[in-house]
Each structure stands twice: as C-alpha cells, then as structure tokens.
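As stored in structure.txt (compact mmCIF, C-alpha atoms):
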# COMPACT_ATOMS: atom_id res chain seq x y z
CA MET C 11 78.97 32.94 68.52
CA LYS C 12 75.46 34.04 67.47
CA HIS C 13 74.03 31.04 69.31
CA LYS C 14 75.86 31.97 72.52
CA ARG C 15 74.61 35.57 72.31
CA LEU C 16 71.03 34.41 71.79
CA THR C 17 71.26 32.06 74.79
CA LEU C 18 72.58 34.86 76.99
CA LEU C 19 69.81 37.21 75.86
CA LEU C 20 67.08 34.64 76.57
CA ALA C 21 68.49 33.94 80.03
CA THR C 22 68.48 37.64 80.82
CA LEU C 23 64.86 38.02 79.72
CA LEU C 24 63.78 35.06 81.87
CA LEU C 25 65.51 36.33 84.97
CA THR C 26 64.31 39.91 84.72
CA GLY C 27 60.82 39.42 83.32
CA CYS C 28 61.55 42.34 80.96
CA THR C 29 61.42 42.58 77.21
CA GLY C 30 63.95 45.37 76.94
CA THR C 31 67.63 45.66 77.73
CA ALA C 32 69.00 47.06 80.97
CA GLN C 33 72.36 48.50 81.85
CA VAL C 34 74.19 46.97 84.83
CA GLN C 35 73.71 50.13 86.89
CA ASN C 36 69.93 49.89 86.33
CA ARG C 37 69.67 46.38 87.70
CA ALA C 38 68.89 45.28 91.25
CA PHE C 39 70.14 41.85 92.25
CA VAL C 40 67.50 40.42 94.57
CA GLN C 41 68.69 38.77 97.79
CA LEU C 42 65.31 37.96 99.36
CA LEU C 43 61.97 37.79 97.56
CA GLY C 44 58.61 37.79 99.32
CA THR C 45 55.28 36.78 97.77
CA ASP C 46 51.75 37.11 99.17
CA ALA C 47 48.55 36.18 97.40
CA ASP C 48 44.82 36.34 97.98
CA ARG C 49 41.76 36.17 95.76
CA ASN C 50 42.10 39.74 94.57
CA ALA C 51 45.80 40.41 94.12
CA ASN C 52 49.39 39.22 94.35
CA ARG C 53 52.09 41.20 96.08
CA VAL C 54 55.86 40.88 95.83
CA THR C 55 58.51 42.41 98.07
CA ALA C 56 62.15 42.35 97.00
CA VAL C 57 65.22 43.03 99.16
CA SER C 58 68.19 43.66 96.89
CA PHE C 59 71.92 43.67 97.55
CA GLY C 60 73.14 47.13 98.44
CA MET C 61 69.68 48.74 98.51
CA GLU C 62 68.30 50.23 101.72
CA GLU C 63 64.57 49.94 101.02
CA PRO C 64 62.64 46.91 99.71
CA ALA C 65 60.83 47.19 96.39
CA SER C 66 57.20 46.13 96.31
CA GLY C 67 54.45 45.81 93.75
CA THR C 68 50.98 44.35 93.36
CA GLY C 69 49.19 42.81 90.41
CA GLU C 70 46.56 40.33 89.36
CA THR C 71 49.24 37.66 88.94
CA LEU C 72 52.67 37.05 90.42
CA LEU C 73 54.38 38.10 87.20
CA THR C 74 52.45 41.36 86.87
CA ALA C 75 53.26 42.10 90.53
CA LEU C 76 56.96 41.62 89.71
CA GLU C 77 56.61 43.99 86.78
CA ALA C 78 54.92 46.57 89.03
CA ALA C 79 57.76 46.30 91.54
CA GLN C 80 60.29 46.89 88.78
CA CYS C 81 58.46 49.98 87.59
CA ARG C 82 58.21 51.40 91.10
CA TYR C 83 61.86 50.56 91.80
CA ASP C 84 62.92 51.91 88.39
CA ARG C 85 65.34 48.99 88.18
CA ALA C 86 65.24 45.57 86.56
CA LEU C 87 64.89 42.97 89.32
CA MET C 88 67.40 40.17 88.73
CA LEU C 89 66.04 37.07 90.50
CA GLY C 90 68.75 34.57 89.60
CA HIS C 91 70.79 35.31 92.74
CA THR C 92 67.85 35.21 95.18
CA GLN C 93 68.97 33.40 98.33
CA VAL C 94 65.69 33.21 100.27
CA LEU C 95 62.10 33.06 99.03
CA VAL C 96 59.54 34.07 101.66
CA CYS C 97 56.03 32.83 100.87
CA GLY C 98 53.02 34.24 102.66
CA LYS C 99 49.41 33.17 102.23
CA GLY C 100 48.25 31.74 98.93
CA GLY C 101 48.88 28.73 96.72
CA LEU C 102 52.40 27.54 97.48
CA GLU C 103 52.83 24.82 94.87
CA GLN C 104 51.65 27.14 92.10
CA ARG C 105 54.03 29.95 93.09
CA LEU C 106 57.05 27.66 93.42
CA SER C 107 56.35 26.06 90.05
CA LEU C 108 55.99 29.46 88.37
CA LEU C 109 59.19 30.88 89.85
CA LEU C 110 61.22 27.77 89.06
CA ASP C 111 59.87 27.64 85.52
CA GLY C 112 62.45 29.16 83.20
CA ASN C 113 64.90 29.49 86.11
CA ARG C 114 63.40 32.76 87.33
CA ILE C 115 64.89 31.78 90.69
CA SER C 116 67.55 29.19 91.38
CA PRO C 117 66.35 25.70 92.46
CA GLY C 118 68.80 26.03 95.35
CA CYS C 119 67.11 29.15 96.73
CA ARG C 120 65.85 28.42 100.26
CA LEU C 121 62.21 28.71 101.31
CA VAL C 122 60.69 30.36 104.39
CA CYS C 123 56.95 30.42 105.08
CA ALA C 124 55.19 33.31 106.79
CA ASP C 125 51.70 34.67 107.40
CA ASP C 126 52.68 37.97 105.78
CA ALA C 127 55.85 37.89 103.68
CA ALA C 128 55.83 41.63 102.97
CA ARG C 129 55.72 42.50 106.66
CA VAL C 130 58.49 40.04 107.49
CA LEU C 131 60.86 41.50 104.89
CA GLU C 132 59.98 45.09 105.76
CA GLU C 133 60.84 44.38 109.42
CA THR C 134 63.87 42.09 109.03
CA GLY C 135 65.36 42.80 105.61
CA ALA C 136 68.51 40.84 104.87
CA GLY C 137 68.74 39.88 108.56
CA LEU C 138 66.35 37.00 107.88
CA GLU C 139 68.86 35.33 105.56
CA THR C 140 71.59 35.67 108.20
CA ALA C 141 69.40 34.16 110.92
CA LEU C 142 68.27 31.32 108.66
CA SER C 143 71.83 30.42 107.70
CA ARG C 144 73.05 30.52 111.29
CA MET C 145 70.24 28.32 112.59
CA ALA C 146 70.53 25.83 109.71
CA GLU C 147 74.29 25.52 110.13
CA GLY C 148 73.88 25.09 113.88
CA GLY C 149 71.35 22.28 113.44
CA ALA C 150 68.44 24.24 114.95
CA LEU C 151 66.30 23.73 111.82
CA TYR C 152 66.27 22.36 108.30
CA ALA C 153 66.32 24.94 105.51
CA PRO C 154 65.24 23.17 102.31
CA ALA C 155 65.84 24.35 98.78
CA VAL C 156 62.76 25.50 96.88
CA SER C 157 63.08 22.54 94.49
CA ASP C 158 63.10 20.06 97.39
CA THR C 159 59.99 21.65 98.91
CA LEU C 160 58.16 21.51 95.59
CA SER C 161 59.09 17.85 95.23
CA ASP C 162 57.63 17.13 98.68
CA LEU C 163 54.44 19.07 97.88
CA LEU C 164 53.96 17.00 94.74
CA GLY C 165 54.16 13.81 96.81
CA ALA C 166 51.24 11.75 98.06
CA SER C 167 50.62 13.86 101.19
CA GLY C 168 50.73 17.20 99.35
CA MET C 169 52.66 18.63 102.31
CA ALA C 170 56.21 19.58 103.24
CA VAL C 171 58.25 20.85 106.17
CA ALA C 172 59.75 24.32 105.88
CA PRO C 173 61.13 27.13 108.05
CA TYR C 174 58.39 29.39 109.39
CA VAL C 175 58.72 32.91 110.76
CA SER C 176 56.11 34.28 113.12
CA GLY C 177 56.81 37.58 114.83
CA SER C 178 60.42 37.42 115.98
CA ASP C 179 60.48 33.62 116.11
CA LEU C 180 62.03 31.45 113.40
CA GLY C 181 61.12 27.78 113.57
CA MET C 182 59.56 25.17 111.30
CA CYS C 183 56.10 24.18 110.14
CA VAL C 184 54.14 21.68 108.11
CA VAL C 185 52.68 23.45 105.07
CA ASP C 186 50.36 22.15 102.34
CA ARG C 187 50.12 22.83 98.62
CA ALA C 188 47.66 25.66 99.16
CA GLY C 189 50.11 27.44 101.48
CA ASN C 190 48.15 26.66 104.65
CA ILE C 191 50.24 26.22 107.79
CA ARG C 192 48.99 22.94 109.26
CA THR C 193 51.10 23.05 112.41
CA THR C 194 54.33 24.42 113.85
CA LEU C 195 57.02 22.04 115.05
CA SER C 196 58.53 21.83 118.51
CA GLU C 197 62.16 22.79 119.02
CA GLU C 198 63.04 19.09 119.33
CA ALA C 199 61.29 18.25 116.07
CA CYS C 200 63.07 21.13 114.30
CA ARG C 201 66.43 19.79 115.42
CA GLY C 202 65.40 16.27 114.48
CA ALA C 203 64.42 17.41 110.99
CA ALA C 204 67.84 19.05 110.69
CA LEU C 205 69.52 15.75 111.59
CA LEU C 206 67.41 13.87 109.06
CA ARG C 207 67.55 16.34 106.15
CA GLY C 208 70.14 19.01 106.95
CA LYS C 209 73.93 19.22 106.67
CA ASN C 210 74.70 19.40 110.41
CA ARG C 211 78.01 21.16 109.94
CA ASP C 212 78.12 22.90 113.31
CA THR C 213 75.47 21.01 115.26
CA VAL C 214 75.97 20.80 119.01
CA LEU C 215 73.99 18.30 121.07
CA GLY C 216 73.27 18.77 124.75
CA ILE C 217 74.04 15.45 126.46
CA PRO C 218 72.64 15.03 129.99
CA THR C 219 74.95 13.11 132.34
CA GLU C 220 75.39 12.66 136.07
CA GLN C 221 77.97 15.47 136.00
CA GLY C 222 75.59 17.84 134.18
CA THR C 223 74.83 18.62 130.53
CA LEU C 224 77.76 18.12 128.16
CA SER C 225 78.19 19.74 124.75
CA TYR C 226 78.88 17.28 121.94
CA GLU C 227 79.90 18.88 118.63
CA ILE C 228 78.99 16.80 115.58
CA HIS C 229 81.65 16.67 112.87
CA SER C 230 79.80 14.35 110.50
CA CYS C 231 76.38 12.73 110.54
CA SER C 232 74.95 10.31 107.99
CA TYR C 233 72.44 7.52 108.01
CA LYS C 234 71.25 4.61 105.92
CA LEU C 235 67.52 3.94 105.58
CA ASP C 236 66.30 0.34 105.44
CA LEU C 237 62.68 -0.76 105.28
CA GLU C 238 61.17 -3.81 106.93
CA THR C 239 57.92 -4.82 105.23
CA ALA C 240 57.18 -8.32 106.51
CA ALA C 241 54.55 -7.01 108.94
CA GLY C 242 53.54 -3.54 107.83
CA LEU C 243 56.19 -0.89 107.31
CA THR C 244 59.08 -0.16 109.67
CA ALA C 245 61.79 2.38 108.90
CA VAL C 246 65.22 1.59 110.31
CA LEU C 247 67.70 4.46 110.43
CA SER C 248 71.32 3.44 110.93
CA PHE C 249 73.33 6.54 111.90
CA ARG C 250 77.09 7.00 111.83
CA ILE C 251 78.24 10.02 113.82
CA THR C 252 81.64 11.49 114.57
CA GLY C 253 82.32 14.39 116.88
CA GLU C 254 83.95 15.52 120.07
CA CYS C 255 83.17 16.72 123.55
CA ALA C 256 85.34 19.44 125.06
CA GLU C 257 84.51 18.42 128.63
CA ALA C 258 86.15 15.46 130.32
CA CYS C 259 83.75 12.51 130.42
CA GLU C 260 83.57 8.74 130.38
CA GLN C 261 83.38 7.61 126.72
CA GLY C 262 80.84 4.89 127.21
CA GLN C 263 78.48 7.26 128.98
CA LEU C 264 79.03 9.89 126.27
CA ARG C 265 78.23 7.46 123.45
CA LYS C 266 75.08 6.35 125.21
CA GLY C 267 74.05 9.98 125.70
CA VAL C 268 74.62 10.83 122.01
CA GLN C 269 72.65 7.77 120.93
CA GLN C 270 69.76 8.74 123.18
CA ALA C 271 69.79 12.40 122.11
CA VAL C 272 69.83 11.61 118.37
CA THR C 273 67.06 9.02 118.76
CA GLU C 274 64.80 11.37 120.73
CA LEU C 275 65.25 14.28 118.31
CA CYS C 276 64.57 12.12 115.25
CA ARG C 277 61.58 10.50 116.92
CA ALA C 278 60.09 13.94 117.68
CA ALA C 279 60.49 14.97 114.02
CA VAL C 280 58.93 11.75 112.73
CA LEU C 281 56.02 11.84 115.17
CA GLU C 282 55.11 15.48 114.40
CA THR C 283 55.40 15.17 110.63
CA VAL C 284 55.21 11.61 109.30
CA CYS C 285 52.88 10.09 111.88
CA VAL C 286 50.44 12.98 112.20
CA TYR C 287 50.34 14.38 108.64
CA GLY C 288 51.89 11.69 106.45
CA VAL C 289 54.69 14.04 105.37
CA ASP C 290 57.40 11.91 103.75
CA LEU C 291 60.24 13.45 105.74
CA LEU C 292 62.37 10.31 105.37
CA ASP C 293 61.73 9.91 101.63
CA LEU C 294 60.12 6.54 102.31
CA GLU C 295 58.45 6.45 98.91
CA ARG C 296 61.75 6.44 97.05
CA ALA C 297 63.20 3.86 99.43
CA ALA C 298 60.18 1.59 99.02
CA ARG C 299 60.25 1.86 95.22
CA HIS C 300 63.89 0.77 95.31
CA GLN C 301 63.95 -1.78 98.15
CA ASP C 302 60.52 -3.40 97.85
CA PRO C 303 58.66 -2.28 94.71
CA ALA C 304 55.99 -4.95 95.19
CA PHE C 305 55.12 -3.58 98.64
CA PHE C 306 54.93 -0.04 97.32
CA ALA C 307 52.78 -1.04 94.34
CA ALA C 308 50.34 -2.79 96.68
CA HIS C 309 50.01 0.28 98.94
CA GLN C 310 50.59 3.16 96.52
CA GLU C 311 47.03 4.47 96.63
CA GLU C 312 47.05 4.88 100.42
CA TRP C 313 50.75 5.66 100.83
CA SER C 314 50.30 8.64 103.16
CA ALA C 315 48.24 6.50 105.54
CA VAL C 316 50.79 3.68 105.35
CA ILE C 317 53.75 5.84 106.32
CA ALA C 318 51.70 7.60 109.02
CA GLN C 319 51.26 4.20 110.68
CA ALA C 320 54.81 3.00 110.04
CA GLY C 321 57.15 1.88 112.79
CA PHE C 322 60.40 3.69 113.43
CA ARG C 323 63.70 2.45 114.82
CA CYS C 324 66.91 4.39 115.19
CA GLU C 325 70.35 2.76 115.54
CA VAL C 326 73.20 5.15 116.28
CA ARG C 327 76.89 4.33 115.96
CA VAL C 328 79.18 6.93 117.51
CA GLU C 329 82.76 6.76 116.19
Turn the structure described in the file into structure tokens.
Amino acid sequence: MKHKRLTLLLATLLLTGCTGTAQVQNRAFVQLLGTDADRNANRVTAVSFGMEEPASGTGETLLTALEAAQCRYDRALMLGHTQVLVCGKGGLEQRLSLLLDGNRISPGCRLVCADDAARVLEETGAGLETALSRMAEGGALYAPAVSDTLSDLLGASGMAVAPYVSGSDLGMCVVDRAGNIRTTLSEEACRGAALLRGKNRDTVLGIPTEQGTLSYEIHSCSYKLDLETAAGLTAVLSFRITGECAEACEQGQLRKGVQQAVTELCRAAVLETVCVYGVDLLDLERAARHQDPAFFAAHQEEWSAVIAQAGFRCEVRVE
C-alpha cells in the first residue's frame, strides 16, 4: 500500500511540476499547451478545461516558464490530459524530449506547429483542437502524436511532417529539429500524408468521371510496403480499400477513379516530403532493416539521399 501511495505521489509531482500538494479545486487540467522559445526566454500558454482565459508564463527554461504560468494562474497545471501541443519557434526536438520525459505530457498528445504558439492559442483557444480533430478524421491532414514526431526528428533526415497553423489556415508542413518550418505542403500532399499515416475514418475522395465528380467514402484503407533493391531503391505500396459511393455509377469506372485519386494524392505527399527533403514519411528505414538489412547497411550513412532518390509505385485494390 505504501508503494502504491509513493507511486501516485511521484506521478502527481511529475505532471504538475510542483513540489507541494494541491487540492482538486486548485488544479487546472490543460487541454492545449503552447510553447515558444528564443535566445532570451521561453513562454508557455495553457488552455485548460472549463477556464475562459489561457494561462501564460515566461522563464529562462521551459520548466521555469511552466512554473511562472502556475503562479500567475494560481492553479497547478496538470499536463497529463493535454490533447494538443502547439510549438512555436525554437528547438523542437529538445522541447518534445523534455515534455515527454517523466510523462509530463502523454506520448499520444498531438502536435501542431506555428510561428507564434501563444498568439494562436489566444485567438483560437480550444477551437484549434476541434478543427484539428475534424480535419484529421476527414482525411484532410495527418495529425501525428508527439512521440511519433520525435521519432521522425531523431531519424536520418532530422525532419518530420506535422500540422501547421498560419493565420486562419490549418495545413501541414515539413519541420526540422530546430523548429524551422522548411516548407508547407499542398492540399493534395496533406491528404496523401493522411492516407499514408492517418486513420482515414471518414475520408471522402472526389472522383472525376464523365458524369461529374463523385464522392467516394472510404470505410477502410491499409497498405503493405515492399522494397525493391535490385537497382537502387523502389517503394511499392499495395493498398486495399473498401468504401462506397452514394451516386449511381459504373463500378469499373469508379474503381479506376479511386485508384487514380489515391495514387495521385500519395505521389504528391512523397514528392513534397521524401523526394525533396528526405523525410521518411513511409518509414523506409524500418522496412529496409527488416526486408533487406544488407542494402540498408551499405547505404546507412547516406540514407536520406537514398530515399530522396527512391522510386515509388502505388498499386490500389478497391474491394
């Protein structure tokens, strides 16, 4: 029993960043957390469940900024339930590692990049989480967990894809370890990234036909990745898709349209991320280590360049 109590106490200290106890009514459960950093200071902005105004604080480090926000808010900030982490300028890999260390935030918390996280949260509040969820579920973008983004940043390219908010627009970007936005992705590439890495629960594809554009609702979407290494590297994606189209149409034409739409969206995502920046969107490193370890060992030092020059083929089976 003493061991269980000690474990609970330690978990509470890690999540709050406090050394004292706090009553439930003096705690604020953070829904969205924003972090900005420059050479002189760190700033945090916290949007909590049931609270009208965000809490903010600045400090020399991220942790002292969190402490300042707690003092100004006069509540202990509980980070364990944070649903969205918004990261503005500053070292991204370092911040993610620090917040994940000791489970300050959940590994499943989703990441959004921004030029100014504080401004985004002050203007949108909890509405950002609603918009992110809606767009991710609809297949408009891929909303990775913080742990997945950190894993990508620690890869050979040192870059990852993540949602990016600019003004009133929510899309996706390529971001590096230092938190620099390398590029923003086209709408097609965002949807392609969602097909390749997202859940695609409510994704609807627009299928052009002779009768006009049809709406095809995807029910399930999965793919198998195979690598061909006889002459360089070629990634072969074998998709299996089920879904339905509400409009009357010829099935052969519909299948062909779905195949073409999926291929074009995935190609856009690969071209704008893998080919230009060497971002391992397809997790080619893991596939190569498993399928052809000798090929990977021979090209490990220049892996980003290898995947940037890789071929890409998409095979789509519509059931």
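Going from atom CA of Ala75 of chain C over to atom CA of Glu133 of chain C, you cover 20.5 Å.
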>> Which residue is closest to Arg250 of chain C? Choose from C:Asp125, C:Asp111, C:Glu63, C:Glu325 and count all atoms listed in the file.
In response: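 For Arg250 of chain C, the nearest of the candidates is C:Glu325.
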>> Residues within 12 Å of Cys276 of chain C, please, as a ChimeraX atom specification. Count all atoms listed in the file; anything in the same chain fewer than 2 positions from it doesn't count.
In response: /C:196-207,233,245-249,269-274,278-284,291-292,322-326
Can you list every residue of segment 79-194 of chain C that has an atom at most 12 Å from segment 297-312 of chain C, with its nearest atom pair and the distance in Å to one decimal, using all atoms listed in the file, ordered by chain then number, as a tab-separated table?
residue	atom	partner	partner_atom	distance
C:Gly165	CA	C:Gln310	CA	11.2
C:Ala166	CA	C:Glu312	CA	8.4
C:Ser167	CA	C:Glu312	CA	9.7
Same residues, C-alpha atoms, output as a compact mmCIF listing (two decimals), in the coordinates of the input:
# COMPACT_ATOMS: atom_id res chain seq x y z
CA GLY C 165 54.16 13.81 96.81
CA ALA C 166 51.24 11.75 98.06
CA SER C 167 50.62 13.86 101.19
> Which polymer residues have any atom within 12 Å of an atom of Ser107 of chain C, counting all atoms listed in the file, with same-chain residues fewer than 5 positions away left out, as a list in words?
Replying inline: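 Returned residues: Leu72, Gly101, Leu102, Gly112, Asn113, Arg114, Ile115, Ser116, Pro117, Val156, Ser157, Asp158, Thr159, Leu160, Ser161, Leu163, Leu164 and Arg187 of chain C.
With all atoms listed in the file as the atoms that count, the minimum distance from Thr134 of chain C to the choices C:Leu243, C:Ala153, C:Leu106, C:Leu42 is reached by C:Leu42.
Atom CA of Val175 of chain C to atom CA of Ala124 of chain C spans 5.3 Å [interatomic distance, one decimal].
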> Any idea what's packed within 9 Å of Leu121 of chain C, counting only C-alpha atoms, ignoring anything in its chain fewer than 3 positions away? Could you give it as a list in words?
Replying inline: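 So the residues in contact are Gln93, Val94, Leu95, Val96, Cys97, Ala153, Pro154, Ala155, Val156, Thr159, Ala172, Pro173 and Tyr174 of chain C.
Going from atom CA of Ser230 of chain C to atom CA of Gly149 of chain C covers 12.0 Å.
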> Which of these residues is nearest to Leu43 of chain C, using all atoms listed in the file: C:Glu220, C:Glu139, C:Glu238, C:Asp179?
Replying inline: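 Smallest separation from Leu43 of chain C among the options: C:Glu139.
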Where atoms are absent from segment 113-124 of chain C, fill them in so it carries all heavy atoms, then output it as an mmCIF file, in the coordinates of the input.
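For reference, rebuild-v7.cif as written:
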data_model
loop_
_atom_site.group_PDB
_atom_site.id
_atom_site.type_symbol
_atom_site.label_atom_id
_atom_site.label_comp_id
_atom_site.auth_asym_id
_atom_site.auth_seq_id
_atom_site.Cartn_x
_atom_site.Cartn_y
_atom_site.Cartn_z
ATOM 1 N N ASN C 113 63.820 29.077 85.218
ATOM 2 C CA ASN C 113 64.900 29.490 86.110
ATOM 3 C C ASN C 113 64.787 30.951 86.534
ATOM 4 O O ASN C 113 65.773 31.686 86.620
ATOM 5 C CB ASN C 113 66.278 29.271 85.452
ATOM 6 C CG ASN C 113 66.603 27.812 85.261
ATOM 7 O OD1 ASN C 113 66.295 26.990 86.122
ATOM 8 N ND2 ASN C 113 67.200 27.482 84.149
ATOM 9 N N ARG C 114 63.555 31.397 86.809
ATOM 10 C CA ARG C 114 63.400 32.760 87.330
ATOM 11 C C ARG C 114 64.145 32.890 88.659
ATOM 12 O O ARG C 114 64.746 33.920 88.940
ATOM 13 C CB ARG C 114 61.915 33.074 87.499
ATOM 14 C CG ARG C 114 61.187 33.288 86.177
ATOM 15 C CD ARG C 114 59.770 33.775 86.400
ATOM 16 N NE ARG C 114 59.132 34.092 85.129
ATOM 17 C CZ ARG C 114 58.455 33.215 84.401
ATOM 18 N NH1 ARG C 114 58.319 31.968 84.833
ATOM 19 N NH2 ARG C 114 57.900 33.566 83.258
ATOM 20 N N ILE C 115 64.042 31.856 89.496
ATOM 21 C CA ILE C 115 64.890 31.780 90.690
ATOM 22 C C ILE C 115 65.650 30.464 90.631
ATOM 23 O O ILE C 115 65.242 29.530 89.932
ATOM 24 C CB ILE C 115 64.074 31.855 92.001
ATOM 25 C CG1 ILE C 115 63.114 30.676 92.128
ATOM 26 C CG2 ILE C 115 63.343 33.180 92.123
ATOM 27 C CD1 ILE C 115 62.439 30.579 93.466
ATOM 28 N N SER C 116 66.737 30.396 91.365
ATOM 29 C CA SER C 116 67.550 29.190 91.380
ATOM 30 C C SER C 116 66.839 28.074 92.154
ATOM 31 O O SER C 116 66.208 28.331 93.184
ATOM 32 C CB SER C 116 68.895 29.477 92.046
ATOM 33 O OG SER C 116 69.574 28.266 92.355
ATOM 34 N N PRO C 117 66.932 26.818 91.700
ATOM 35 C CA PRO C 117 66.350 25.700 92.460
ATOM 36 C C PRO C 117 66.935 25.586 93.862
ATOM 37 O O PRO C 117 66.297 25.037 94.757
ATOM 38 C CB PRO C 117 66.705 24.471 91.607
ATOM 39 C CG PRO C 117 66.911 25.010 90.235
ATOM 40 C CD PRO C 117 67.514 26.373 90.427
ATOM 41 N N GLY C 118 68.151 26.101 94.046
ATOM 42 C CA GLY C 118 68.800 26.030 95.350
ATOM 43 C C GLY C 118 68.406 27.127 96.312
ATOM 44 O O GLY C 118 68.830 27.127 97.474
ATOM 45 N N CYS C 119 67.612 28.087 95.854
ATOM 46 C CA CYS C 119 67.110 29.150 96.730
ATOM 47 C C CYS C 119 66.333 28.515 97.881
ATOM 48 O O CYS C 119 65.580 27.559 97.689
ATOM 49 C CB CYS C 119 66.207 30.072 95.923
ATOM 50 S SG CYS C 119 65.345 31.325 96.870
ATOM 51 N N ARG C 120 66.505 29.016 99.094
ATOM 52 C CA ARG C 120 65.850 28.420 100.260
ATOM 53 C C ARG C 120 64.490 29.068 100.512
ATOM 54 O O ARG C 120 64.280 30.237 100.217
ATOM 55 C CB ARG C 120 66.739 28.551 101.488
ATOM 56 C CG ARG C 120 67.989 27.688 101.400
ATOM 57 C CD ARG C 120 68.941 27.938 102.538
ATOM 58 N NE ARG C 120 69.476 29.299 102.486
ATOM 59 C CZ ARG C 120 70.291 29.795 103.406
ATOM 60 N NH1 ARG C 120 70.641 29.067 104.443
ATOM 61 N NH2 ARG C 120 70.746 31.024 103.293
ATOM 62 N N LEU C 121 63.586 28.265 101.090
ATOM 63 C CA LEU C 121 62.210 28.710 101.310
ATOM 64 C C LEU C 121 61.953 28.985 102.791
ATOM 65 O O LEU C 121 62.388 28.227 103.658
ATOM 66 C CB LEU C 121 61.228 27.644 100.829
ATOM 67 C CG LEU C 121 59.753 27.917 101.130
ATOM 68 C CD1 LEU C 121 59.229 29.048 100.256
ATOM 69 C CD2 LEU C 121 58.922 26.660 100.926
ATOM 70 N N VAL C 122 61.212 30.061 103.053
ATOM 71 C CA VAL C 122 60.690 30.360 104.390
ATOM 72 C C VAL C 122 59.212 30.682 104.239
ATOM 73 O O VAL C 122 58.832 31.441 103.346
ATOM 74 C CB VAL C 122 61.425 31.546 105.041
ATOM 75 C CG1 VAL C 122 60.744 31.941 106.360
ATOM 76 C CG2 VAL C 122 62.879 31.201 105.297
ATOM 77 N N CYS C 123 58.375 30.106 105.089
ATOM 78 C CA CYS C 123 56.950 30.420 105.080
ATOM 79 C C CYS C 123 56.636 31.478 106.128
ATOM 80 O O CYS C 123 57.336 31.591 107.141
ATOM 81 C CB CYS C 123 56.124 29.160 105.355
ATOM 82 S SG CYS C 123 56.212 27.915 104.048
ATOM 83 N N ALA C 124 55.593 32.243 105.876
ATOM 84 C CA ALA C 124 55.190 33.310 106.790
ATOM 85 C C ALA C 124 53.713 33.592 106.584
ATOM 86 O O ALA C 124 53.136 33.238 105.550
ATOM 87 C CB ALA C 124 56.010 34.572 106.557
#
